[in-house]
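Asks: Next comes the structure file protein_14.cif, holding mmCIF, C-alpha atoms.
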```cif
data_my_file
loop_
_atom_site.label_atom_id
_atom_site.label_comp_id
_atom_site.auth_asym_id
_atom_site.auth_seq_id
_atom_site.Cartn_x
_atom_site.Cartn_y
_atom_site.Cartn_z
CA MET E 95 202.17 -175.12 226.65
CA ARG E 96 202.52 -171.37 226.85
CA ALA E 97 203.64 -171.27 223.22
CA LEU E 98 200.68 -173.39 222.16
CA MET E 99 198.18 -171.23 224.04
CA GLY E 100 199.80 -168.09 222.66
CA TRP E 101 199.45 -169.49 219.13
CA ALA E 102 195.78 -170.32 219.71
CA HIS E 103 195.03 -166.87 221.12
CA GLU E 104 196.81 -165.14 218.24
CA ARG E 105 194.84 -167.20 215.76
CA SER E 106 191.59 -166.37 217.55
CA ALA E 107 192.39 -162.65 217.61
CA ALA E 108 193.19 -162.72 213.88
CA ARG E 109 189.67 -164.06 213.30
CA GLY E 110 188.18 -161.11 215.18
CA HIS E 111 187.18 -163.02 218.30
CA VAL E 112 186.76 -161.03 221.50
CA VAL E 113 186.13 -163.98 223.83
CA GLN E 114 187.25 -167.61 224.08
CA VAL E 115 185.63 -170.61 225.79
CA MET E 116 187.63 -173.53 227.20
CA ILE E 117 187.09 -176.86 228.90
CA GLY E 118 190.09 -178.08 230.79
CA ILE E 119 192.11 -179.08 233.81
CA PRO E 120 190.86 -177.45 237.04
CA TYR E 121 192.71 -174.20 237.78
CA PHE E 122 195.41 -174.77 235.14
CA TYR E 123 193.95 -172.56 232.42
CA ARG E 124 193.50 -169.68 234.81
CA LEU E 125 197.25 -169.27 234.28
CA PHE E 126 196.42 -168.29 230.67
CA GLY E 127 193.74 -165.70 231.38
CA TYR E 128 190.71 -168.00 231.66
CA GLU E 129 188.19 -167.81 234.48
CA TYR E 130 185.26 -170.02 235.42
CA ALA E 131 182.00 -168.53 234.20
CA ILE E 132 179.39 -170.88 232.66
CA ASP E 133 177.92 -173.91 234.42
CA ILE E 134 178.34 -177.28 232.71
CA PRO E 135 174.98 -179.09 232.84
CA PRO E 136 174.92 -182.29 234.91
CA ALA E 137 175.06 -185.79 233.47
CA LEU E 138 172.27 -187.73 235.21
CA ALA E 139 171.54 -191.42 235.51
CA VAL E 140 168.50 -192.58 233.59
CA THR E 141 166.25 -195.63 233.83
CA ILE E 142 164.07 -196.42 230.81
CA PRO E 143 160.87 -198.36 231.49
CA PRO E 144 160.31 -201.62 229.57
CA SER E 145 158.68 -201.20 226.18
CA ASP E 146 156.43 -203.59 224.29
CA GLY E 147 156.88 -201.74 221.03
CA ASP E 148 159.39 -202.14 218.22
CA THR E 149 162.96 -200.93 218.61
CA PRO E 150 163.20 -197.35 217.26
CA ALA E 151 164.98 -196.97 213.93
CA LEU E 152 168.14 -195.26 215.04
CA ARG E 153 171.01 -194.90 212.56
CA ALA E 154 174.42 -193.30 212.41
CA ALA E 155 174.45 -189.72 211.16
CA ARG E 156 175.83 -189.02 207.68
CA PRO E 157 177.36 -185.88 206.16
CA ASP E 158 174.11 -185.13 204.33
CA ASP E 159 172.36 -184.99 207.74
CA VAL E 160 174.33 -181.90 208.84
CA PRO E 161 171.62 -179.34 207.86
CA ALA E 162 169.03 -181.30 209.85
CA LEU E 163 171.42 -181.74 212.79
CA ALA E 164 172.21 -178.02 212.82
CA ALA E 165 168.51 -177.15 212.64
CA LEU E 166 167.68 -179.41 215.59
CA GLN E 167 170.45 -177.85 217.67
CA GLY E 168 169.40 -174.36 216.63
CA ALA E 169 165.89 -175.02 217.91
CA ALA E 170 167.25 -176.56 221.13
CA GLN E 171 169.54 -173.60 221.80
CA ALA E 172 167.06 -170.87 220.85
CA PRO E 173 165.69 -170.38 224.41
CA PHE E 174 169.16 -169.92 225.94
CA ASP E 175 170.65 -166.47 226.49
CA VAL E 176 174.15 -167.66 225.57
CA ALA E 177 174.57 -170.33 222.92
CA VAL E 178 177.68 -171.86 221.36
CA PRO E 179 176.67 -174.04 218.39
CA HIS E 180 178.76 -176.46 216.38
CA SER E 181 180.33 -174.79 213.36
CA ALA E 182 180.27 -176.48 209.95
CA PRO E 183 183.92 -177.62 210.28
CA ARG E 184 183.20 -179.12 213.67
CA TRP E 185 180.20 -181.06 212.33
CA ARG E 186 182.55 -182.53 209.72
CA TRP E 187 185.08 -183.33 212.44
CA LEU E 188 182.49 -185.07 214.60
CA LEU E 189 181.33 -187.20 211.66
CA GLY E 190 184.88 -188.07 210.68
CA HIS E 191 186.32 -189.10 214.06
CA ASP E 192 185.65 -192.04 216.33
CA SER E 193 185.84 -190.31 219.71
CA SER E 194 182.03 -190.24 219.89
CA ASP E 195 179.03 -191.38 217.84
CA LEU E 196 176.33 -189.24 216.26
CA TRP E 197 172.86 -190.77 215.94
CA VAL E 198 169.70 -189.66 214.21
CA LEU E 199 166.10 -190.82 214.43
CA GLU E 200 163.92 -190.61 211.34
CA ARG E 201 160.17 -190.31 210.96
CA GLY E 202 158.70 -190.44 207.49
CA GLY E 203 162.14 -189.97 205.97
CA ALA E 204 162.87 -186.81 207.97
CA VAL E 205 165.34 -186.49 210.84
CA VAL E 206 163.31 -185.72 213.98
CA ALA E 207 165.87 -186.31 216.77
CA SER E 208 169.60 -186.62 217.27
CA ALA E 209 172.15 -187.29 219.99
CA ARG E 210 175.85 -187.72 220.47
CA THR E 211 177.05 -190.64 222.59
CA THR E 212 180.31 -191.80 224.03
CA LEU E 213 181.69 -195.11 222.89
CA PRO E 214 180.31 -198.23 224.63
CA GLY E 215 182.16 -199.18 227.78
CA ASP E 216 181.25 -199.32 231.44
CA GLY E 217 178.55 -196.79 230.66
CA VAL E 218 177.25 -194.62 227.84
CA LEU E 219 176.74 -190.85 227.97
CA VAL E 220 173.97 -189.36 225.85
CA ALA E 221 174.81 -185.72 225.08
CA GLU E 222 173.58 -182.93 222.82
CA ALA E 223 170.16 -184.54 222.49
CA ALA E 224 167.63 -182.62 220.41
CA ALA E 225 164.18 -183.54 219.12
CA VAL E 226 161.18 -181.99 217.40
CA ASP E 227 158.76 -183.37 220.01
CA GLU E 228 158.70 -185.44 223.18
CA ALA E 229 157.70 -188.65 221.39
CA ALA E 230 160.79 -188.38 219.20
CA ALA E 231 162.97 -187.67 222.25
CA ARG E 232 161.71 -190.80 224.03
CA GLU E 233 162.20 -192.93 220.91
CA LEU E 234 165.72 -191.56 220.58
CA LEU E 235 166.71 -192.59 224.08
CA CYS E 236 165.07 -196.00 223.75
CA GLY E 237 167.01 -196.50 220.53
CA VAL E 238 170.31 -195.69 222.22
CA ALA E 239 169.48 -198.06 225.07
CA ALA E 240 168.66 -200.83 222.59
CA ARG E 241 172.03 -200.39 220.90
CA CYS E 242 173.89 -200.49 224.23
CA PRO E 243 172.20 -203.29 226.21
CA GLY E 244 173.46 -203.66 229.76
CA ALA E 245 175.35 -200.35 229.71
CA GLY E 246 174.45 -197.80 232.34
CA LEU E 247 173.05 -194.71 230.65
CA ARG E 248 173.60 -191.11 231.68
CA VAL E 249 172.05 -188.14 229.93
CA VAL E 250 173.24 -184.54 229.82
CA HIS E 251 170.40 -182.47 231.24
CA ARG E 252 169.85 -179.43 229.00
CA ALA E 253 167.16 -177.70 231.03
CA GLY E 254 164.21 -176.42 229.05
CA THR E 255 164.83 -178.51 225.93
CA VAL E 256 162.40 -181.04 224.50
CA PRO E 257 164.46 -184.09 225.62
CA ALA E 258 164.79 -182.71 229.16
CA GLU E 259 161.00 -182.51 229.43
CA ALA E 260 160.42 -185.87 227.73
CA TRP E 261 162.85 -187.72 230.00
CA ARG E 262 161.86 -185.97 233.23
CA GLU E 263 160.30 -189.08 234.85
CA TRP E 264 163.13 -191.38 233.69
CA VAL E 265 166.00 -189.31 235.09
CA ASP E 266 167.50 -189.35 238.58
CA HIS E 267 167.78 -185.66 239.50
CA THR E 268 169.96 -186.25 242.57
CA PRO E 269 172.28 -183.24 242.84
CA ARG E 270 175.83 -183.81 241.68
CA GLY E 271 178.66 -183.67 244.15
CA ARG E 272 180.88 -180.96 242.66
CA ALA E 273 180.86 -177.83 240.56
CA ASP E 274 181.78 -177.99 236.89
CA GLN E 275 182.12 -174.91 234.73
CA TYR E 276 183.39 -173.80 231.37
CA TYR E 277 186.28 -171.40 231.35
CA VAL E 278 185.89 -168.05 229.57
CA ARG E 279 188.70 -165.68 228.58
CA VAL E 280 188.13 -161.97 227.93
CA PRO E 281 191.42 -160.62 226.54
CA ASP E 282 190.18 -157.04 226.10
CA PRO E 283 187.15 -155.98 228.17
CA ALA E 284 186.72 -152.77 226.19
CA ALA E 285 186.49 -154.65 222.88
CA LEU E 286 183.92 -157.08 224.29
CA LEU E 287 181.83 -154.36 225.95
CA ASP E 288 181.88 -152.46 222.67
CA ARG E 289 180.44 -155.50 220.86
CA LEU E 290 177.79 -155.80 223.56
CA ARG E 291 176.58 -152.20 223.36
CA PRO E 292 173.41 -152.97 221.34
CA LEU E 293 172.48 -155.75 223.78
CA LEU E 294 173.16 -153.58 226.84
CA TRP E 295 171.08 -150.77 225.36
CA ARG E 296 168.22 -153.16 224.67
CA ARG E 297 168.32 -154.34 228.28
CA LEU E 298 168.21 -150.76 229.51
CA THR E 299 165.31 -149.73 227.32
CA THR E 300 163.15 -152.84 227.80
CA THR E 301 163.43 -153.29 231.56
CA GLY E 302 162.02 -149.89 232.49
CA VAL E 303 165.07 -148.83 234.50
CA ASP E 304 165.75 -145.08 234.58
CA LEU E 305 168.50 -144.15 232.14
CA PRO E 306 171.46 -142.54 233.89
CA ASP E 307 172.61 -139.02 233.18
CA GLY E 308 176.13 -139.19 231.79
CA ASP E 309 178.22 -142.33 231.51
CA ILE E 310 177.79 -145.88 232.72
CA VAL E 311 181.02 -146.78 234.52
CA LEU E 312 182.27 -150.31 235.12
CA SER E 313 185.54 -150.66 237.02
CA THR E 314 187.80 -153.71 237.08
CA PHE E 315 189.98 -152.05 239.73
CA GLY E 316 193.08 -151.86 237.53
CA ALA E 317 191.09 -150.07 234.83
CA HIS E 318 187.61 -148.72 234.20
CA TYR E 319 185.29 -148.55 231.19
CA ARG E 320 182.84 -145.75 230.39
CA LEU E 321 179.84 -146.19 228.13
CA PRO E 322 178.32 -142.79 227.25
CA VAL E 323 174.52 -142.77 227.34
CA LEU E 324 173.27 -141.08 224.17
CA ALA E 325 169.77 -140.38 222.94
CA ASP E 326 169.66 -143.45 220.68
CA GLY E 327 172.11 -145.88 222.26
CA LEU E 328 175.37 -146.33 224.08
CA GLY E 329 178.47 -144.62 222.74
CA GLU E 330 181.83 -146.24 222.11
CA VAL E 331 183.60 -147.53 225.20
CA VAL E 332 186.21 -145.22 226.70
CA THR E 333 188.94 -146.93 228.73
CA GLY E 334 190.55 -145.31 231.75
CA GLY E 335 192.95 -146.30 234.51
CA PRO E 336 192.40 -147.19 238.16
CA ARG E 337 189.93 -145.15 240.19
CA GLN E 338 190.42 -144.22 243.82
CA TYR E 339 186.85 -145.34 244.55
CA PRO E 340 186.22 -148.09 241.95
CA GLY E 341 182.46 -148.43 242.42
CA LYS E 342 181.65 -144.73 242.83
CA ASP E 343 178.84 -143.70 240.44
CA GLY E 344 179.03 -147.10 238.79
CA ALA E 345 179.95 -150.68 239.59
CA ALA E 346 183.09 -152.63 240.35
CA VAL E 347 183.97 -156.19 239.40
CA ALA E 348 187.30 -157.90 239.92
CA PRO E 349 188.74 -158.83 236.51
CA ASP E 350 188.67 -162.56 237.29
CA HIS E 351 184.88 -162.30 237.83
CA LEU E 352 184.14 -160.31 234.68
CA PRO E 353 183.49 -163.42 232.49
CA ALA E 354 181.00 -164.71 235.05
CA LEU E 355 179.28 -161.32 235.14
CA LEU E 356 178.92 -161.20 231.35
CA PHE E 357 178.06 -164.84 230.64
CA GLY E 358 177.23 -166.63 233.89
CA PRO E 359 174.10 -167.73 235.75
CA HIS E 360 174.34 -165.26 238.65
CA GLY E 361 174.39 -161.81 237.09
CA MET E 362 175.32 -158.72 239.04
CA ALA E 363 172.71 -159.41 241.73
CA GLY E 364 173.99 -162.91 242.42
CA LEU E 365 177.70 -162.15 242.21
CA THR E 366 177.39 -159.32 244.72
CA GLN E 367 176.11 -161.94 247.18
CA LEU E 368 179.04 -164.27 246.46
CA ARG E 369 182.06 -162.02 245.87
CA PRO E 370 183.12 -159.08 248.05
CA ASP E 371 184.99 -157.56 245.10
CA VAL E 372 181.85 -157.35 242.95
CA TYR E 373 179.49 -154.55 243.98
CA ALA E 374 177.16 -152.01 242.45
CA PRO E 375 175.90 -149.05 244.50
CA ARG E 376 173.55 -148.30 241.58
CA ARG E 377 171.80 -151.61 242.04
CA GLU E 378 168.76 -151.22 239.77
CA LEU E 379 170.82 -150.02 236.83
CA PHE E 380 173.50 -152.70 236.98
CA HIS E 381 171.10 -155.51 237.80
CA ALA E 382 169.29 -154.62 234.57
CA LEU E 383 172.51 -154.35 232.57
CA PHE E 384 173.92 -157.67 233.78
CA PRO E 385 171.13 -160.17 234.57
CA PRO E 386 171.58 -163.91 235.24
CA LEU E 387 171.96 -165.79 231.96
CA THR E 388 171.19 -169.30 230.80
CA ALA E 389 173.77 -170.93 228.57
CA ASP E 390 174.24 -173.95 226.33
CA VAL E 391 177.70 -174.75 224.99
CA LEU E 392 178.52 -177.38 222.37
CA SER E 393 182.14 -178.33 221.81
CA TYR E 394 184.15 -181.07 220.15
CA TYR E 395 185.04 -182.38 223.62
CA LEU E 396 182.44 -183.79 225.99
CA PRO E 397 183.39 -182.57 229.50
CA TYR E 398 182.31 -185.68 231.41
#
```
Take the structure in the file and give it back as structure tokens.

Replies:
Amino acid sequence: MRALMGWAHERSAARGHVVQVMIGIPYFYRLFGYEYAIDIPPALAVTIPPSDGDTPALRAARPDDVPALAALQGAAQAPFDVAVPHSAPRWRWLLGHDSSDLWVLERGGAVVASARTTLPGDGVLVAEAAAVDEAAARELLCGVAARCPGAGLRVVHRAGTVPAEAWREWVDHTPRGRADQYYVRVPDPAALLDRLRPLLWRRLTTTGVDLPDGDIVLSTFGAHYRLPVLADGLGEVVTGGPRQYPGKDGAAVAPDHLPALLFGPHGMAGLTQLRPDVYAPRRELFHALFPPLTADVLSYYLPY
């Protein structure tokens, strides 16, 4: 397993990646540098009211549907701060394998909604739903239900998307019983922070926070990272060693909480309330730099 993970990480690094996302066995992948960071949306039970209309014309997706599928997902993911879309190779994989089904709904010859479902069994999960409007979203779900009569339906709740709004009255929003999160691995914090400099600068200059004199310092206890504040942006990250007072004139975050700080739903303000080893004496500055983020992750594997 270590050899396999090492191979995957080497391949990722060769492609220029500075972060990896993982779904997997609880705790196990923390042994390989992954930490929990991004919430997995809940799968909720759904009850569809009886319909007197015709069964919606749902069909299996085809390879020539990929541009429409990608466009629907692009629109669904646009409001999220962090988005992981399907790549072109993964669309081909999903269409070529039988681990799940891809469905599309047409209107006037155009694809107006899509969803990915698990194979029929004791129940059916409806995931990655996207639609151009609420009517299409409702038709989509009714079409899935018609193809799986008697199967209990659950839907992945992607908050803020068209399907989430369209299905609001059909879904049981009872809170789930346990936490589920995607793993994130940050192999080199300096490399990732360097990629994020334009975003961090935009946050500083659009939130109205006073720009600091000198460097912005983020400590991970075993090391620290300085971002020089220049007239027109943030300078290249400078890496240093441990500091006697990690949070002095900056902020401190334990390395296993760094992925959650950069990609998670709590931000600096929330993590300081949850983790003693995350703190920022310069509260206003670091709350602006690292706000809570919404996220939507698509992967070949459905984590339910």

Asks: Taking all atoms listed in the file into account, which of E:Tyr373, E:Phe380, E:Phe315, E:Tyr276 comes nearest Val303 of chain E?

Replies: E:Phe380

Asks: Rank nothing, just name the residue among E:Arg297, E:Gly358, E:Val391, E:Arg262 nearest to Val178 of chain E, using all atoms listed in the file.

Replies: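 The shortest atom-to-atom distance to Val178 of chain E comes from E:Val391.
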
Asks: Let me know the residues the PyMOL selection byres ((chain E and resi 233-236) around 8) catches in the file above, as number ranges by chain.

Replies: E: 142, 149-150, 152, 198-199, 207-209, 229-232, 237-240

Asks: Identify all residues satisfying the PyMOL selection byres ((chain E and resi 161-167) around 8) in the given file; provide them as a ChimeraX atom specification.

Replies: /E:158-160,168-171,179-180,205-208,222,224-226

Asks: In Å to one decimal, how far is atom CA of Asp390 of chain E from atom CA of Ala182 of chain E?

Replies: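 These atoms are spaced 17.6 Å apart.
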
Asks: As a check of understanding, name the residues that the PyMOL selection byres ((chain E and resi 343) around 8) selects in the supplied structure, as a list of chain:residue names.

Replies: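 Selected by the PyMOL selection byres ((chain E and resi 343) around 8) in this file: E:Val311, E:Gly341, E:Lys342, E:Gly344, E:Ala345, E:Pro375, E:Arg376.
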
Asks: Which residue, E:Asp274, E:Asp148, E:Asp195, E:Glu378, has the smallest gap to Leu219 of chain E when you use all atoms listed in the file?

Replies: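 Counting all atoms listed in the file, the residue closest to Leu219 of chain E is E:Asp195.
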
Asks: I need the residue nearest Asp227 of chain E from this list: E:Gly215, E:Leu196, E:Pro336, E:Trp261. Use all atoms listed in the file for the distance.

Replies: E:Trp261

Asks: Pick out the closest residue to Arg210 of chain E from this set: E:Leu392, E:Leu324, E:Leu355, E:Leu368. Count all atoms listed in the file.

Replies: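 Under the stated criterion, the closest residue is E:Leu392.
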
Asks: Can you work out which one of E:Ala154, E:Leu98, E:Ala221, E:Ala131 has the shortest atom-to-atom distance to Pro397 of chain E, counting only C-alpha atoms?

Replies: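 Using only C-alpha atoms, Pro397 of chain E sits closest to E:Ala221.
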
Asks: Excluding Ala348 of chain E and residues on its chain fewer than 3 positions from it, collect all residues at most 6 Å away from it, counting all atoms listed in the file, and give them as a PyMOL selection string.

Replies: chain E and resi 314+351+371

Asks: Between atom CA of Thr299 of chain E and atom CA of Phe384 of chain E, what distance in Å does the model show, to one decimal?

Replies: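 Going from atom CA of Thr299 of chain E over to atom CA of Phe384 of chain E, I get 13.4 Å.
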
Asks: How far is it from atom CA of Ile117 of chain E to atom CA of Pro269 of chain E, in Å with one decimal?

Replies: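 Interatomic distance, atom CA of Ile117 of chain E to atom CA of Pro269 of chain E: 21.3 Å.
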